Amino acid sequence: MAEIYKLIHPLKYFNDYISREIRPDGRKFHECRNIKLNVNSLKTAEASAVVKCGNTTVVCGIQLELASPKAEEPDFGYLVTNLELPALCSSKYRPGPPSDHAQVTNYLVSNIIVNSKCIDLKDLCIVPDKLAWVLYCDMVCLDNDGSLVDACIIALISSLKTLRLPTVTYDAETEDINVDPDIRTPLKVYGLPVATSFSVYKLPERDILITDPSIYEEEMCGGIGSNFIVCSNQSLLCGTQKFGGSNLPPESQEEALKISRDRANVVEKVIETCLANNCEINEI
Amino acid sequence: MPLDYRRFNGPEDSVSYKRYTNKYYKGYDELYKELVDDKGRRKDGRALDEARSMCMFFARTDLISQAKGSAYIELKKTKVVCSVFDPREIPHQNEFSQLGQLYCEVKFAPFSCAQQRRPHVDAEDKSLSVALRQALEPTVCRHLFPNYQVDVFVYILEHDGACLAAAINAAGLALANASVPMYDIITSSSVAIIGKKVFVDPTEAEEHLAMMSPETEGTNHGIITMSMLSELKQVSDFVQIGSMDIECVTEAMDILEKECENIVPNIQKVLVHNVVQSFNQRKQLEAEAKEREIALNVKMEEWKKLLNAG
Amino acid sequence: MGIEEEKPKAFQLKPMKCEFNFLSKSDGSAILSQGDTVAVVSVNGPLDIKSTSQSIEKSTLEVLYCTKGGKPSVADRYKENVIRQTCEAAVLGSLYPRTGITVTIQELEDFGGLLSCCLNCTCLALLNSGVSMRCTYAAITCAIDESGDIVLEPSKQHLDTARATMTFVFDSREKNLVTSVTEGVFSEDTYKEALARCHAASDLVFNFYREIIRKYANVI
């Protein structure tokens with residue numbers, strides 16, 4: 001019955017829920033979905049993480065390569081992040097080259113990582129002007145159920161935190177490179193950027209801010225890609241992005257900033273607990 | 001290779017660090033020795049004719065909320081996800097097609113192999129997609145959705161051998177999960193042949209060696225993947241790569257047939273679990289609906305009384 | 001037919017110059033310069049588009065962004081998305097179902113604040129094309145320099161040394177935030193202050209819109 005109602009009166013169906021202070025999936029307006037995180041489950045990647053925020057699933061794998069640094073930046077390494085939205089994650093995507101939406105999300109994620117300065121590219125340089133690490137961080141979305149950027153950032157950061165770089169010896173005279181994969185040093189990660197997505201829904205008398213929206217809620221609130229995304233890295237903001245959709249009054253913004261602070265703490269705890277567990281397993 | 005404008009690109013001259021480790025270059029004999037120890041056990045402790053279907057097999061459905069049906073299969077390290085979507089009209093087609101079509105796509109994750117895979121559709125992806133479609137077509141009742149196509153997407157998260165077999169198993173399970181009408185349960189398995197040794201359900205290293213041609217000519221080597229419809233006892237797809245004599249092939253087919261049958265109970269278990277679960281869910285929903293109706297009736301009575309009272 | 005705005009007293013915005021109907025073949029076009037930064041926008045529509053991208057509820061907006069270099073990149077797609085989403089909030093698309101509106105933007109000169117220049121120019125071109133709009137919008141860029149001061153409409157030199165840059169878009173009716181794009185790291189208080197400053201400065205842009213429309217309305 002409810003399903004038919006939803007099909008025939010999509011707006012009214014959603015409105016009925018929101019005006020009764022609850023969301024269609026039973027959450028309160030500012031309740032986030034559960035986060036499940038697992039690291040190092042893929043053995044072909046140097047470091048990997050699988051994250052589930054509600055139904056949204058993202059897998060991240062990092063692979064290491066060596067290359068010579070750019071001539072204009074001789075003591076910088078490379079960090080190449082790419083997000084793949086294959087057709088299997090949602091019926092909205094078609095197979096083929098990345099769609100505009102995929103490219104935009106991809107840019108957003110890599111922008112957050114660059115802006116937050118959580119990786120110092122100088123740490124990735126081995127010998128200036130000669131040799132540097134290239135980190136290929138590939139994220140794959142297996143199930144897109146909204147708030148994709150949040151999940152991507154969690155997956156990316158937790159896999160960066162577990163990454164351990166092999167030792168490289170470089171002979172300056174013979175230009176000989178030798179890698180010892182058994183002795184590894186962890187990569188330094190400065191801070192912990194966390195992104196939180198919000199959707200804005202306009203009721204006639206007031207605006208409602210919805211935290212961690214599902215894909216259905218995103219569609220109802222001004223379409224996919226009009227989320228308000230707040231990223232913070234240890235109490236500093238490193239990006240507040242919003243693209244069109246319903247406009248956002250200052251009060252809602254205050255609220256969003258406060259919620260994103262709380263959520264950053266929760267996510268931090270999740271990642272730390274997971275990494276600690278992972279260390280224990282490794283020691284045993 | 002043209003630069004991909006739709007992604008972020010790394011430097012062009014980057015190479016995997018593994019090339020500079022001591023263990024990178026290995027001869028054929030050395031690799032061969034590594035596969036099997038003195039007691040005839042493989043690296044992961046299996047016997048030569050032991051598949052991963054018994055204890056290293058894990059399957060589940062319904063993991064992708066956005067898809068109609070989905071399945072995940074894990075053969076120890078080989079990890080495969082598959083999702084199936086609602087039938088849709090065949091795009092760019094003018095003629096009426098009597099039979100519905102299956103659109104299959106197999107993709108490797110960039111981090112699925114030891115070497116980085118560039119995110120282009122390469123020949124391997126394409127040949128696997130074609131093999132998957134050929135395997136699935138005989139098992140789906142295609143006459144029930146003429147002029148429509150069902151999308152089957154397979155994503156390989158980690159590749160450690162037998163990925164086509166895993167993809168077919170996962171696709172079969174996902175199709176059943178999406179309640180696409182099918183004639184039979186489809187299962188698949190593969191073997192790698194190196195000389196006289198037959199590796200059932202091979203790992204990446206074993207497949208790699210089987211694809212290399214040995215120095216002595218005339219030795220059997222190659223990979224065979226076969227998919228079976230279990231009840232009908234029919235072979236739906238047979239893919240052989242490499243060269244081997246006829247005896248070897250028939251022998252391998254016997255092994256594969258047995259292996260395919262071994263997987264059937266695994267798949268059945270998942271499907272039955274599915275059905276039971278959905279029945280339970282429905283029961284619960286019906287009970288809830290009834291409760292609501294009773295509550296509503298009580299309210300109606302109250303209102304009626306109020307109305308009658310004026 | 002350039003019209004120069006008088007320099008405001010409270011805030012210093014770069015001088016804006018605009019010309020409508022710059023391109024003769026398109027339904028609406030505008031060229032806008034904010035200081036040395038220049039962009040041209042043409043708007044065509046509502047027109048017929050292929051059935052796959054038609055929507056029965058509203059008109060489909062297509063935004064094409066061309067850089068000076070001409071090579072496409074992921075960053076361009078991102079800019080297109082910013083502009084498209086912003087326009088979508090402003091255009092009354094539901095009046096033209098099953099049609100498309102094409103917006104083409106060509107970057108001419110970039111001396112800082114290109115994104116806000118493109119956004120403002122798009123708004124003017126949409127006004128010129130006669131497409132029905134819910135409201136107009138104004139984009140303002142600001143930078144936060146090393147010492148933490150906020151610089152409105154920064155120059156190229158400012159941008160190179162800046163800790164962060166932010167672009168905000170406000171709508172004309174409720175003066176609320178429509179789009180926000182930021183780069184770099186900043187504290188929450190700086191963000192709020194920058195937002196307030198840009199909010200105040202957006203009035204100047206709206207005044208400029210009004211003035212230029214009045215001038216053109218008189219000519220017609």
# chains A, B, ... in the order shown; residues from 1 in each chain; ligands from 1
call {"tool": "interface_residues", "arguments": {"of": "chain C", "to": "chain A", "cutoff": "12 Å", "atoms": "only C-alpha atoms", "output": "ChimeraX atom specification"}}
result
/C:62-64,72-91,119,135,137,163-193,195-196,199
call {"tool": "interface_residues", "arguments": {"of": "chain A", "to": "chain B", "cutoff": "8 Å", "atoms": "only C-alpha atoms", "output": "JSON, numbers by chain"}}
result
{"A": [42, 43, 44, 45, 55, 61, 62, 63, 64, 65, 66, 67, 68, 78, 79, 80, 81, 82, 87, 88, 89, 90, 91, 97, 98, 103, 106, 134, 136, 138, 140, 142, 143, 144, 145, 177, 178, 179, 180, 181]}
call {"tool": "residues_around", "arguments": {"residues": "Cys118 in chain C", "least_positions_apart": "4", "cutoff": "9 Å", "atoms": "only C-alpha atoms", "output": "PyMOL selection string"}}
result
chain C and resi 32+38-41+83+105-107+113-114+122-123+139
call {"tool": "select_by_dssp", "arguments": {"residues": "range 32-186 of chain A", "states": "strand (DSSP E)", "output": "ChimeraX atom specification"}}
result
/A:35-39,47-53,56-67,78-84,125-127,131-143,164-171,176-186
call {"tool": "write_last_selection", "arguments": {"atoms": "C-alpha atoms", "output": "compact mmCIF listing (two decimals), in the first residue's frame"}}
result
# COMPACT_ATOMS: atom_id res chain seq x y z
CA ILE A 35 29.26 2.95 9.75
CA LYS A 36 30.95 -0.39 9.19
CA LEU A 37 34.62 -0.42 8.38
CA ASN A 38 37.11 -3.13 7.55
CA VAL A 39 40.71 -2.62 6.55
CA ALA A 47 46.40 -1.12 1.56
CA SER A 48 42.66 -1.33 1.36
CA ALA A 49 39.47 -0.52 3.17
CA VAL A 50 35.82 -1.40 2.79
CA VAL A 51 33.31 0.98 4.29
CA LYS A 52 29.56 0.77 4.59
CA CYS A 53 27.53 3.80 5.65
CA THR A 56 26.36 2.96 0.65
CA THR A 57 29.40 0.77 0.07
CA VAL A 58 32.81 1.96 -1.05
CA VAL A 59 35.96 -0.11 -1.50
CA CYS A 60 39.32 1.62 -1.66
CA GLY A 61 42.58 0.04 -2.72
CA ILE A 62 46.01 1.63 -2.93
CA GLN A 63 48.75 0.47 -5.25
CA LEU A 64 52.31 1.72 -5.24
CA GLU A 65 54.46 2.63 -8.18
CA LEU A 66 57.72 4.47 -8.67
CA ALA A 67 58.35 7.34 -11.05
CA TYR A 78 52.27 11.84 -6.52
CA LEU A 79 48.90 11.08 -5.04
CA VAL A 80 46.42 9.99 -7.70
CA THR A 81 42.90 9.43 -6.44
CA ASN A 82 40.17 8.14 -8.68
CA LEU A 83 36.61 7.19 -7.92
CA GLU A 84 34.88 4.65 -10.08
CA CYS A 125 59.67 11.74 -2.45
CA ILE A 126 62.57 9.31 -2.15
CA VAL A 127 65.40 11.06 -3.99
CA LEU A 131 62.63 9.00 -7.65
CA ALA A 132 59.27 9.36 -5.92
CA TRP A 133 56.35 7.22 -4.90
CA VAL A 134 53.14 7.27 -6.89
CA LEU A 135 50.12 6.36 -4.80
CA TYR A 136 47.27 5.15 -6.97
CA CYS A 137 44.25 5.29 -4.70
CA ASP A 138 41.28 3.79 -6.48
CA MET A 139 37.87 3.91 -4.90
CA VAL A 140 35.02 1.83 -6.21
CA CYS A 141 31.44 2.39 -5.23
CA LEU A 142 29.58 -0.93 -5.02
CA ASP A 143 26.30 0.45 -3.79
CA ARG A 164 53.14 0.99 4.85
CA LEU A 165 55.77 2.01 2.33
CA PRO A 166 58.58 -0.45 1.50
CA THR A 167 62.18 0.69 1.92
CA VAL A 168 63.93 1.86 -1.22
CA THR A 169 67.66 2.18 -1.72
CA TYR A 170 68.82 4.27 -4.61
CA ASP A 171 72.37 4.25 -5.88
CA ASP A 176 70.18 1.29 -9.42
CA ILE A 177 66.93 0.92 -7.55
CA ASN A 178 66.40 -1.78 -4.98
CA VAL A 179 63.22 -2.29 -3.02
CA ASP A 180 62.91 -4.33 0.13
CA PRO A 181 59.23 -5.10 0.65
CA ASP A 182 59.82 -6.75 4.03
CA ILE A 183 60.95 -3.63 5.86
CA ARG A 184 58.19 -1.07 5.75
CA THR A 185 57.49 2.28 7.33
CA PRO A 186 53.99 3.64 7.81
call {"tool": "atom_distance", "arguments": {"atom1": "CA of Val200 in chain B", "atom2": "CA of Phe108 in chain B"}}
result
22.7 Å
call {"tool": "residues_around", "arguments": {"residues": "Asp150 in chain A", "least_positions_apart": "3", "cutoff": "8 Å", "atoms": "only C-alpha atoms", "output": "PyMOL selection string"}}
result
chain A and resi 147+153-154+194-197
call {"tool": "write_last_selection", "arguments": {"atoms": "N, CA and C atoms", "output": "mmCIF file, in the first residue's frame"}}
result
data_model
loop_
_atom_site.group_PDB
_atom_site.id
_atom_site.type_symbol
_atom_site.label_atom_id
_atom_site.label_comp_id
_atom_site.auth_asym_id
_atom_site.auth_seq_id
_atom_site.Cartn_x
_atom_site.Cartn_y
_atom_site.Cartn_z
ATOM 1 N N SER A 147 25.036 10.143 0.085
ATOM 2 C CA SER A 147 26.195 10.579 0.878
ATOM 3 C C SER A 147 27.465 9.851 0.458
ATOM 4 N N ILE A 153 35.599 9.376 1.579
ATOM 5 C CA ILE A 153 36.655 9.962 2.402
ATOM 6 C C ILE A 153 37.047 8.990 3.520
ATOM 7 N N ILE A 154 36.061 8.358 4.123
ATOM 8 C CA ILE A 154 36.377 7.408 5.198
ATOM 9 C C ILE A 154 37.226 6.264 4.643
ATOM 10 N N VAL A 194 37.136 14.569 7.670
ATOM 11 C CA VAL A 194 35.847 13.874 7.657
ATOM 12 C C VAL A 194 34.851 14.753 6.917
ATOM 13 N N ALA A 195 34.094 14.148 6.023
ATOM 14 C CA ALA A 195 33.077 14.902 5.291
ATOM 15 C C ALA A 195 31.704 14.501 5.797
ATOM 16 N N THR A 196 30.811 15.460 5.883
ATOM 17 C CA THR A 196 29.433 15.174 6.268
ATOM 18 C C THR A 196 28.502 15.834 5.260
ATOM 19 N N SER A 197 27.566 15.069 4.732
ATOM 20 C CA SER A 197 26.639 15.593 3.731
ATOM 21 C C SER A 197 25.309 15.962 4.378
#
call {"tool": "atom_distance", "arguments": {"atom1": "CA of Asn94 in chain B", "atom2": "CA of Pro146 in chain B"}}
result
13.3 Å
call {"tool": "select_by_dssp", "arguments": {"residues": "range 4-149 of chain A", "states": "helix (DSSP H, G or I)", "output": "number ranges by chain"}}
result
A: 4-8, 10-19, 87-89, 100-116, 121-124, 148-149
call {"tool": "write_last_selection", "arguments": {"atoms": "C-alpha atoms", "output": "CSV table (one decimal), in the first residue's frame"}}
result
chain,number,residue,atom,x,y,z
A,4,ILE,CA,1.8,2.5,-4.3
A,5,TYR,CA,1.3,5.7,-2.5
A,6,LYS,CA,4.9,6.5,-2.8
A,7,LEU,CA,4.7,5.9,-6.6
A,8,ILE,CA,1.6,8.0,-7.2
A,10,PRO,CA,6.0,11.0,-4.5
A,11,LEU,CA,6.1,14.5,-3.1
A,12,LYS,CA,3.2,14.1,-0.7
A,13,TYR,CA,4.5,10.8,0.6
A,14,PHE,CA,7.8,12.4,1.5
A,15,ASN,CA,6.1,15.5,2.8
A,16,ASP,CA,3.9,13.5,5.1
A,17,TYR,CA,7.0,12.0,6.8
A,18,ILE,CA,9.0,15.2,7.1
A,19,SER,CA,6.1,17.2,8.5
A,87,ALA,CA,27.1,0.5,-13.6
A,88,LEU,CA,26.5,-2.1,-11.0
A,89,CYS,CA,26.2,0.3,-8.1
A,100,ASP,CA,29.8,13.9,-15.6
A,101,HIS,CA,28.4,13.0,-12.2
A,102,ALA,CA,31.2,10.5,-11.6
A,103,GLN,CA,33.8,13.1,-12.6
A,104,VAL,CA,32.4,15.7,-10.4
A,105,THR,CA,32.3,13.4,-7.4
A,106,ASN,CA,35.8,12.3,-8.2
A,107,TYR,CA,37.0,15.9,-8.2
A,108,LEU,CA,35.3,16.6,-5.0
A,109,VAL,CA,36.9,13.7,-3.2
A,110,SER,CA,40.4,14.5,-4.4
A,111,ASN,CA,39.9,18.2,-3.7
A,112,ILE,CA,39.1,17.5,-0.1
A,113,ILE,CA,42.2,15.3,0.3
A,114,VAL,CA,44.4,17.9,-1.3
A,115,ASN,CA,42.9,20.8,0.7
A,116,SER,CA,43.0,19.1,4.0
A,121,LEU,CA,53.6,15.1,-0.9
A,122,LYS,CA,57.2,15.7,0.2
A,123,ASP,CA,57.0,12.5,2.3
A,124,LEU,CA,56.4,10.6,-0.9
A,148,LEU,CA,28.8,9.1,-1.4
A,149,VAL,CA,31.5,11.6,-0.7
call {"tool": "atom_distance", "arguments": {"atom1": "CA of Ser116 in chain C", "atom2": "CA of Ser199 in chain A"}}
result
23.6 Å
call {"tool": "residues_around", "arguments": {"residues": "range 25-28 of chain A", "least_positions_apart": "2", "cutoff": "12 Å", "atoms": "only C-alpha atoms", "output": "VMD selection string"}}
result
chain A and resid 14 17 to 23 30 to 34 54 to 55 208 to 217
call {"tool": "write_last_selection", "arguments": {"atoms": "N, CA and C atoms", "output": "PDB file, in the first residue's frame"}}
result
ATOM      1  N   PHE A  14       6.630  11.958   0.772  1.00  0.00           N
ATOM      2  CA  PHE A  14       7.825  12.432   1.482  1.00  0.00           C
ATOM      3  C   PHE A  14       7.439  13.541   2.469  1.00  0.00           C
ATOM      4  N   TYR A  17       5.971  12.409   5.800  1.00  0.00           N
ATOM      5  CA  TYR A  17       6.963  11.971   6.783  1.00  0.00           C
ATOM      6  C   TYR A  17       7.638  13.174   7.426  1.00  0.00           C
ATOM      7  N   ILE A  18       8.141  14.075   6.564  1.00  0.00           N
ATOM      8  CA  ILE A  18       8.959  15.184   7.069  1.00  0.00           C
ATOM      9  C   ILE A  18       8.147  16.075   8.004  1.00  0.00           C
ATOM     10  N   SER A  19       6.881  16.316   7.659  1.00  0.00           N
ATOM     11  CA  SER A  19       6.096  17.211   8.517  1.00  0.00           C
ATOM     12  C   SER A  19       5.774  16.550   9.852  1.00  0.00           C
ATOM     13  N   ARG A  20       5.959  15.231   9.947  1.00  0.00           N
ATOM     14  CA  ARG A  20       5.799  14.552  11.233  1.00  0.00           C
ATOM     15  C   ARG A  20       7.142  14.304  11.912  1.00  0.00           C
ATOM     16  N   GLU A  21       8.138  15.065  11.485  1.00  0.00           N
ATOM     17  CA  GLU A  21       9.460  15.037  12.141  1.00  0.00           C
ATOM     18  C   GLU A  21      10.146  13.684  12.073  1.00  0.00           C
ATOM     19  N   ILE A  22       9.938  12.977  11.007  1.00  0.00           N
ATOM     20  CA  ILE A  22      10.650  11.693  10.862  1.00  0.00           C
ATOM     21  C   ILE A  22      10.960  11.476   9.390  1.00  0.00           C
ATOM     22  N   ARG A  23      11.967  10.651   9.111  1.00  0.00           N
ATOM     23  CA  ARG A  23      12.323  10.380   7.724  1.00  0.00           C
ATOM     24  C   ARG A  23      11.766   9.036   7.308  1.00  0.00           C
ATOM     25  N   HIS A  30      18.583  14.319  12.190  1.00  0.00           N
ATOM     26  CA  HIS A  30      20.037  14.430  12.292  1.00  0.00           C
ATOM     27  C   HIS A  30      20.699  13.121  12.699  1.00  0.00           C
ATOM     28  N   GLU A  31      19.991  12.031  12.462  1.00  0.00           N
ATOM     29  CA  GLU A  31      20.566  10.743  12.815  1.00  0.00           C
ATOM     30  C   GLU A  31      21.360  10.233  11.617  1.00  0.00           C
ATOM     31  N   CYS A  32      22.603   9.809  11.862  1.00  0.00           N
ATOM     32  CA  CYS A  32      23.408   9.263  10.774  1.00  0.00           C
ATOM     33  C   CYS A  32      23.226   7.757  10.731  1.00  0.00           C
ATOM     34  N   ARG A  33      23.575   7.205   9.608  1.00  0.00           N
ATOM     35  CA  ARG A  33      23.495   5.749   9.485  1.00  0.00           C
ATOM     36  C   ARG A  33      24.717   5.113  10.126  1.00  0.00           C
ATOM     37  N   ASN A  34      24.593   3.832  10.419  1.00  0.00           N
ATOM     38  CA  ASN A  34      25.719   3.120  11.027  1.00  0.00           C
ATOM     39  C   ASN A  34      26.884   3.034  10.059  1.00  0.00           C
ATOM     40  N   GLY A  54      25.413   2.793   6.178  1.00  0.00           N
ATOM     41  CA  GLY A  54      24.086   2.325   5.810  1.00  0.00           C
ATOM     42  C   GLY A  54      24.246   1.370   4.651  1.00  0.00           C
ATOM     43  N   ASN A  55      23.601   1.675   3.517  1.00  0.00           N
ATOM     44  CA  ASN A  55      23.744   0.801   2.350  1.00  0.00           C
ATOM     45  C   ASN A  55      24.891   1.224   1.444  1.00  0.00           C
ATOM     46  N   ILE A 208      14.258  22.357   6.336  1.00  0.00           N
ATOM     47  CA  ILE A 208      14.651  21.221   7.153  1.00  0.00           C
ATOM     48  C   ILE A 208      16.016  20.747   6.663  1.00  0.00           C
ATOM     49  N   LEU A 209      16.906  20.535   7.596  1.00  0.00           N
ATOM     50  CA  LEU A 209      18.233  20.047   7.257  1.00  0.00           C
ATOM     51  C   LEU A 209      18.263  18.552   7.543  1.00  0.00           C
ATOM     52  N   ILE A 210      18.658  17.774   6.562  1.00  0.00           N
ATOM     53  CA  ILE A 210      18.687  16.324   6.746  1.00  0.00           C
ATOM     54  C   ILE A 210      20.130  15.852   6.694  1.00  0.00           C
ATOM     55  N   THR A 211      20.577  15.187   7.738  1.00  0.00           N
ATOM     56  CA  THR A 211      21.961  14.727   7.795  1.00  0.00           C
ATOM     57  C   THR A 211      22.088  13.352   7.167  1.00  0.00           C
ATOM     58  N   ASP A 212      23.199  13.124   6.487  1.00  0.00           N
ATOM     59  CA  ASP A 212      23.522  11.825   5.906  1.00  0.00           C
ATOM     60  C   ASP A 212      22.363  11.271   5.067  1.00  0.00           C
ATOM     61  N   PRO A 213      21.941  11.993   4.019  1.00  0.00           N
ATOM     62  CA  PRO A 213      20.755  11.568   3.274  1.00  0.00           C
ATOM     63  C   PRO A 213      20.991  10.303   2.448  1.00  0.00           C
ATOM     64  N   SER A 214      19.929   9.541   2.274  1.00  0.00           N
ATOM     65  CA  SER A 214      19.998   8.391   1.372  1.00  0.00           C
ATOM     66  C   SER A 214      19.738   8.907  -0.038  1.00  0.00           C
ATOM     67  N   ILE A 215      19.905   8.034  -1.026  1.00  0.00           N
ATOM     68  CA  ILE A 215      19.779   8.515  -2.405  1.00  0.00           C
ATOM     69  C   ILE A 215      18.356   8.997  -2.685  1.00  0.00           C
ATOM     70  N   TYR A 216      17.397   8.348  -2.067  1.00  0.00           N
ATOM     71  CA  TYR A 216      15.994   8.743  -2.252  1.00  0.00           C
ATOM     72  C   TYR A 216      15.766  10.147  -1.694  1.00  0.00           C
ATOM     73  N   GLU A 217      16.338  10.405  -0.523  1.00  0.00           N
ATOM     74  CA  GLU A 217      16.179  11.730   0.084  1.00  0.00           C
ATOM     75  C   GLU A 217      16.900  12.797  -0.732  1.00  0.00           C
TER      76      GLU A 217
END
call {"tool": "residues_around", "arguments": {"residues": "Leu160 in chain A", "least_positions_apart": "3", "cutoff": "8 Å", "atoms": "only C-alpha atoms", "output": "PDB file with C-alpha atoms, in the first residue's frame"}}
result
ATOM      1  CA  ALA A  47      46.401  -1.116   1.558  1.00  0.00           C
ATOM      2  CA  ILE A  62      46.012   1.631  -2.930  1.00  0.00           C
ATOM      3  CA  LEU A 156      40.405   6.621   1.501  1.00  0.00           C
ATOM      4  CA  ILE A 157      41.685   7.900   4.827  1.00  0.00           C
ATOM      5  CA  LEU A 163      49.563   1.989   4.157  1.00  0.00           C
ATOM      6  CA  LEU A 187      52.967   6.683   5.804  1.00  0.00           C
ATOM      7  CA  VAL A 189      48.865  11.084   7.769  1.00  0.00           C
TER       8      VAL A 189
END
call {"tool": "decode", "arguments": {"residues": "range 108-136 of chain B", "atoms": "C-alpha atoms", "output": "mmCIF file, in the first residue's frame"}}
result
data_model
loop_
_atom_site.group_PDB
_atom_site.id
_atom_site.type_symbol
_atom_site.label_atom_id
_atom_site.label_comp_id
_atom_site.auth_asym_id
_atom_site.auth_seq_id
_atom_site.Cartn_x
_atom_site.Cartn_y
_atom_site.Cartn_z
ATOM 1 C CA PHE B 108 38.240 -5.692 -12.982
ATOM 2 C CA ALA B 109 38.840 -3.272 -10.149
ATOM 3 C CA PRO B 110 42.022 -1.228 -10.715
ATOM 4 C CA PHE B 111 43.508 -2.854 -7.617
ATOM 5 C CA SER B 112 42.313 -6.384 -8.331
ATOM 6 C CA CYS B 113 45.618 -7.676 -9.654
ATOM 7 C CA ALA B 114 49.183 -7.474 -8.422
ATOM 8 C CA GLN B 115 49.925 -4.998 -11.222
ATOM 9 C CA GLN B 116 47.785 -1.912 -11.524
ATOM 10 C CA ARG B 117 45.101 -2.234 -14.147
ATOM 11 C CA ARG B 118 44.435 0.874 -16.118
ATOM 12 C CA PRO B 119 40.736 1.644 -16.062
ATOM 13 C CA HIS B 120 40.216 1.038 -19.765
ATOM 14 C CA VAL B 121 38.084 -1.727 -21.125
ATOM 15 C CA ASP B 122 40.718 -4.136 -22.338
ATOM 16 C CA ALA B 123 40.551 -7.337 -24.334
ATOM 17 C CA GLU B 124 40.387 -9.530 -21.257
ATOM 18 C CA ASP B 125 37.321 -7.726 -19.921
ATOM 19 C CA LYS B 126 35.612 -8.064 -23.287
ATOM 20 C CA SER B 127 36.336 -11.747 -23.758
ATOM 21 C CA LEU B 128 35.144 -12.495 -20.242
ATOM 22 C CA SER B 129 31.947 -10.527 -20.884
ATOM 23 C CA VAL B 130 31.248 -12.529 -24.030
ATOM 24 C CA ALA B 131 31.980 -15.818 -22.268
ATOM 25 C CA LEU B 132 29.657 -14.849 -19.434
ATOM 26 C CA ARG B 133 26.831 -13.998 -21.815
ATOM 27 C CA GLN B 134 27.213 -17.249 -23.695
ATOM 28 C CA ALA B 135 27.158 -19.187 -20.458
ATOM 29 C CA LEU B 136 24.056 -17.469 -19.101
#
